[in-house]
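Participant: What follows is a structure written as structure tokens; I'll ask about it next.
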Amino acid sequence: MSKYRAIISYPEIVNREGLMLQKGMNFRIKPRYSILLMSVRKGAPYNDIWHEDTSLLEYEGHDEPRRGTFDPKTIDQPMKLPGGGLTENGKFYEAAKSYQTGKGPPETVQVYEKINQGVWCDRGRYELVDASIISDGTRKVFKFFLRPIRASNSTEPVLKQTRIIPTSVKVEVWKRDQGRCVLCGSDKNLHFDHDVPYSKGGSSLTAKNVRLLCAKHNLAKSDNILSLGPFAIGILSAFIGRSA
């Protein structure tokens with residue numbers, strides 16, 4: 001998997017993972033890792049948070065399934081199923097506590113972030129390092145804390161959040177550069193690229209330091225950021241066109 005994460009479609013996620021993801025929390029759905037789907041968009045159903053100062057992802061547990069007329073947001077998030085087995089909340093919680101108590105390694109988790117209808121961002125692999133159950137003033141909710149997995153030959157997180165280009169910046173750059181390489185005008189195999197590399201102090205937080213480059217010109221630099229597949233380019237182009 002590429003070090004820098006791609007904008008992809010839901011069908012591409014299904015093709016990559018080899019299964020349909022019907023829920024946001026998927027514990028050990030693959031032999032070597034779990035999968036979380038998340039969103040920080042306005043109106044998202046759960047309060048997921050990127051902590052840029054620590055590079056942690058704070059992921060909120062999931063509610064009881066809606067049954068009848070009751071509002072799941074008014075009752076505690078469940079640890080166990082009616083039959084006594086663990087919910088996905090319970091499975092992730094026990095895995096986090098196992099790591100905290102030294103009984104096992106941290107659970108590896110693949111994270112996908114929804115940035116628009118049909119448009120997702122591959123955030124890469126994380127480690128589940130802690131969990132808690134807190135009161136939000138109305139009920140008890142689960143909070144899970146995940147850190148980016150470090151490269152085996154590096155002390156720097158693979159996905160330090162200040163390195164990642166925010167969705168709003170990517171949308172602004174795409175519109176400004178009109179979906180084409182700024183050096184040759186190609187609209188094929190495009191990448192988001194830091195003009196001044198992040199490793200040299202360049203910022204990910206402003207469109208002034210981010211541009212679109214084709215693969216040919218992007219490969220000439222060592223600090224390429226984000227690869228876009230052809231299918232995802234079409235989706236993002238349509239999204240930009242609707243929002244322009």
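How things are named: the first chain in the structure tokens is A, the next is B, and so on; residues count from 1 in each chain; ligands count from 1 in the order shown.
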Skipping near chain neighbours, those fewer than 6 positions away, what residues fall within 9 Å of segment 35-49 of chain A using only C-alpha atoms, listed as a list of chain:residue names?
Facilitator: A:Leu21, A:Lys23, A:Gly24, A:Met25, A:Asn26, A:Phe27, A:Arg28, A:Ile29, A:Leu56, A:Leu57, A:Glu58, A:Tyr59, A:Glu60, A:Gly61, A:His62, A:Thr108, A:Val109, A:Gln110, A:Val111, A:Tyr112, A:Glu113, A:Lys114, A:Ile115, A:Asn116, A:Lys143
Participant: Residues as selected, C-alpha atoms, written as a compact mmCIF listing (two decimals), in the first residue's frame, can you do that?
Facilitator:
# COMPACT_ATOMS: atom_id res chain seq x y z
CA LEU A 21 -18.78 -3.02 4.45
CA LYS A 23 -21.33 -0.91 9.09
CA GLY A 24 -18.78 1.54 10.40
CA MET A 25 -17.09 -0.73 12.94
CA ASN A 26 -15.70 -4.02 11.65
CA PHE A 27 -13.57 -5.87 14.21
CA ARG A 28 -11.09 -8.40 12.78
CA ILE A 29 -13.13 -8.61 9.58
CA LEU A 56 -4.46 10.66 17.25
CA LEU A 57 -7.83 9.69 15.82
CA GLU A 58 -10.61 9.78 18.42
CA TYR A 59 -13.38 7.49 17.20
CA GLU A 60 -16.81 7.38 18.82
CA GLY A 61 -18.52 4.04 19.39
CA HIS A 62 -21.78 3.14 17.71
CA THR A 108 -4.21 -2.92 13.58
CA VAL A 109 -7.04 -0.90 12.06
CA GLN A 110 -7.55 0.27 8.48
CA VAL A 111 -9.32 3.65 8.46
CA TYR A 112 -11.45 5.07 5.65
CA GLU A 113 -12.81 8.61 5.97
CA LYS A 114 -15.96 9.72 4.13
CA ILE A 115 -15.46 13.18 2.64
CA ASN A 116 -18.55 13.35 0.40
CA LYS A 143 -14.30 6.58 22.82
Participant: For Arg180 of chain A, please output as a PyMOL selection string all residues within 10 Å (counting only C-alpha atoms; exclusion window: fewer than 4 positions along the same chain).
Facilitator: chain A and resi 174-176+184-191+211-214
Participant: Give the strand (DSSP E) residues of segment 78-149 of chain A, as assigned by DSSP on the backbone, as an MDAnalysis selection string.
Facilitator: chainID A and resid 107:116 119:135 140:148
Participant: For the residues in that selection, give me C-alpha atoms as a PDB file, in the first residue's frame.
Facilitator:
ATOM      1  CA  GLU A 107      -5.034  -4.034  17.136  1.00  0.00           C
ATOM      2  CA  THR A 108      -4.205  -2.922  13.584  1.00  0.00           C
ATOM      3  CA  VAL A 109      -7.037  -0.897  12.060  1.00  0.00           C
ATOM      4  CA  GLN A 110      -7.546   0.267   8.477  1.00  0.00           C
ATOM      5  CA  VAL A 111      -9.315   3.651   8.464  1.00  0.00           C
ATOM      6  CA  TYR A 112     -11.447   5.069   5.654  1.00  0.00           C
ATOM      7  CA  GLU A 113     -12.814   8.614   5.973  1.00  0.00           C
ATOM      8  CA  LYS A 114     -15.960   9.716   4.128  1.00  0.00           C
ATOM      9  CA  ILE A 115     -15.456  13.182   2.638  1.00  0.00           C
ATOM     10  CA  ASN A 116     -18.546  13.353   0.404  1.00  0.00           C
ATOM     11  CA  VAL A 119     -16.011   9.868  -2.103  1.00  0.00           C
ATOM     12  CA  TRP A 120     -13.697   8.394   0.537  1.00  0.00           C
ATOM     13  CA  CYS A 121     -10.111   8.899   1.639  1.00  0.00           C
ATOM     14  CA  ASP A 122      -7.826   6.015   2.543  1.00  0.00           C
ATOM     15  CA  ARG A 123      -6.291   7.160   5.834  1.00  0.00           C
ATOM     16  CA  GLY A 124      -4.110   4.080   6.121  1.00  0.00           C
ATOM     17  CA  ARG A 125      -3.334   1.786   9.032  1.00  0.00           C
ATOM     18  CA  TYR A 126      -3.606   2.757  12.687  1.00  0.00           C
ATOM     19  CA  GLU A 127      -3.045   1.088  16.035  1.00  0.00           C
ATOM     20  CA  LEU A 128      -5.837   0.936  18.612  1.00  0.00           C
ATOM     21  CA  VAL A 129      -4.046   2.098  21.761  1.00  0.00           C
ATOM     22  CA  ASP A 130      -6.768   3.036  24.259  1.00  0.00           C
ATOM     23  CA  ALA A 131     -10.499   3.189  24.908  1.00  0.00           C
ATOM     24  CA  SER A 132     -12.835   4.650  27.502  1.00  0.00           C
ATOM     25  CA  ILE A 133     -16.509   4.886  28.350  1.00  0.00           C
ATOM     26  CA  ILE A 134     -17.603   8.429  29.150  1.00  0.00           C
ATOM     27  CA  SER A 135     -20.779  10.370  29.791  1.00  0.00           C
ATOM     28  CA  LYS A 140     -22.563   6.675  28.130  1.00  0.00           C
ATOM     29  CA  VAL A 141     -20.566   6.491  24.906  1.00  0.00           C
ATOM     30  CA  PHE A 142     -17.404   4.676  23.861  1.00  0.00           C
ATOM     31  CA  LYS A 143     -14.301   6.581  22.822  1.00  0.00           C
ATOM     32  CA  PHE A 144     -11.505   4.793  20.975  1.00  0.00           C
ATOM     33  CA  PHE A 145      -8.041   6.275  20.424  1.00  0.00           C
ATOM     34  CA  LEU A 146      -5.877   5.282  17.481  1.00  0.00           C
ATOM     35  CA  ARG A 147      -2.397   6.377  16.442  1.00  0.00           C
ATOM     36  CA  PRO A 148      -0.811   6.126  12.981  1.00  0.00           C
TER      37      PRO A 148
END
Participant: Need to verify the contact set: Thr206 of chain A, 9 Å, only C-alpha atoms, exclusion of same-chain residues closer than 6 positions in sequence. Can you return it as a JSON list (two decimals) with C-alpha atoms, in the first residue's frame?
Facilitator:
[["chain", "number", "residue", "atom", "x", "y", "z"],
["A", 165, "ILE", "CA", -3.91, 17.71, 3.15],
["A", 166, "PRO", "CA", -7.36, 18.61, 4.57],
["A", 169, "VAL", "CA", -7.71, 22.35, 0.73]]
Participant: What parts of segment 32-202 of chain A does DSSP call alpha helix (DSSP H)? I'd like the answer as a PyMOL selection string.
Facilitator: chain A and resi 88-100+167-176
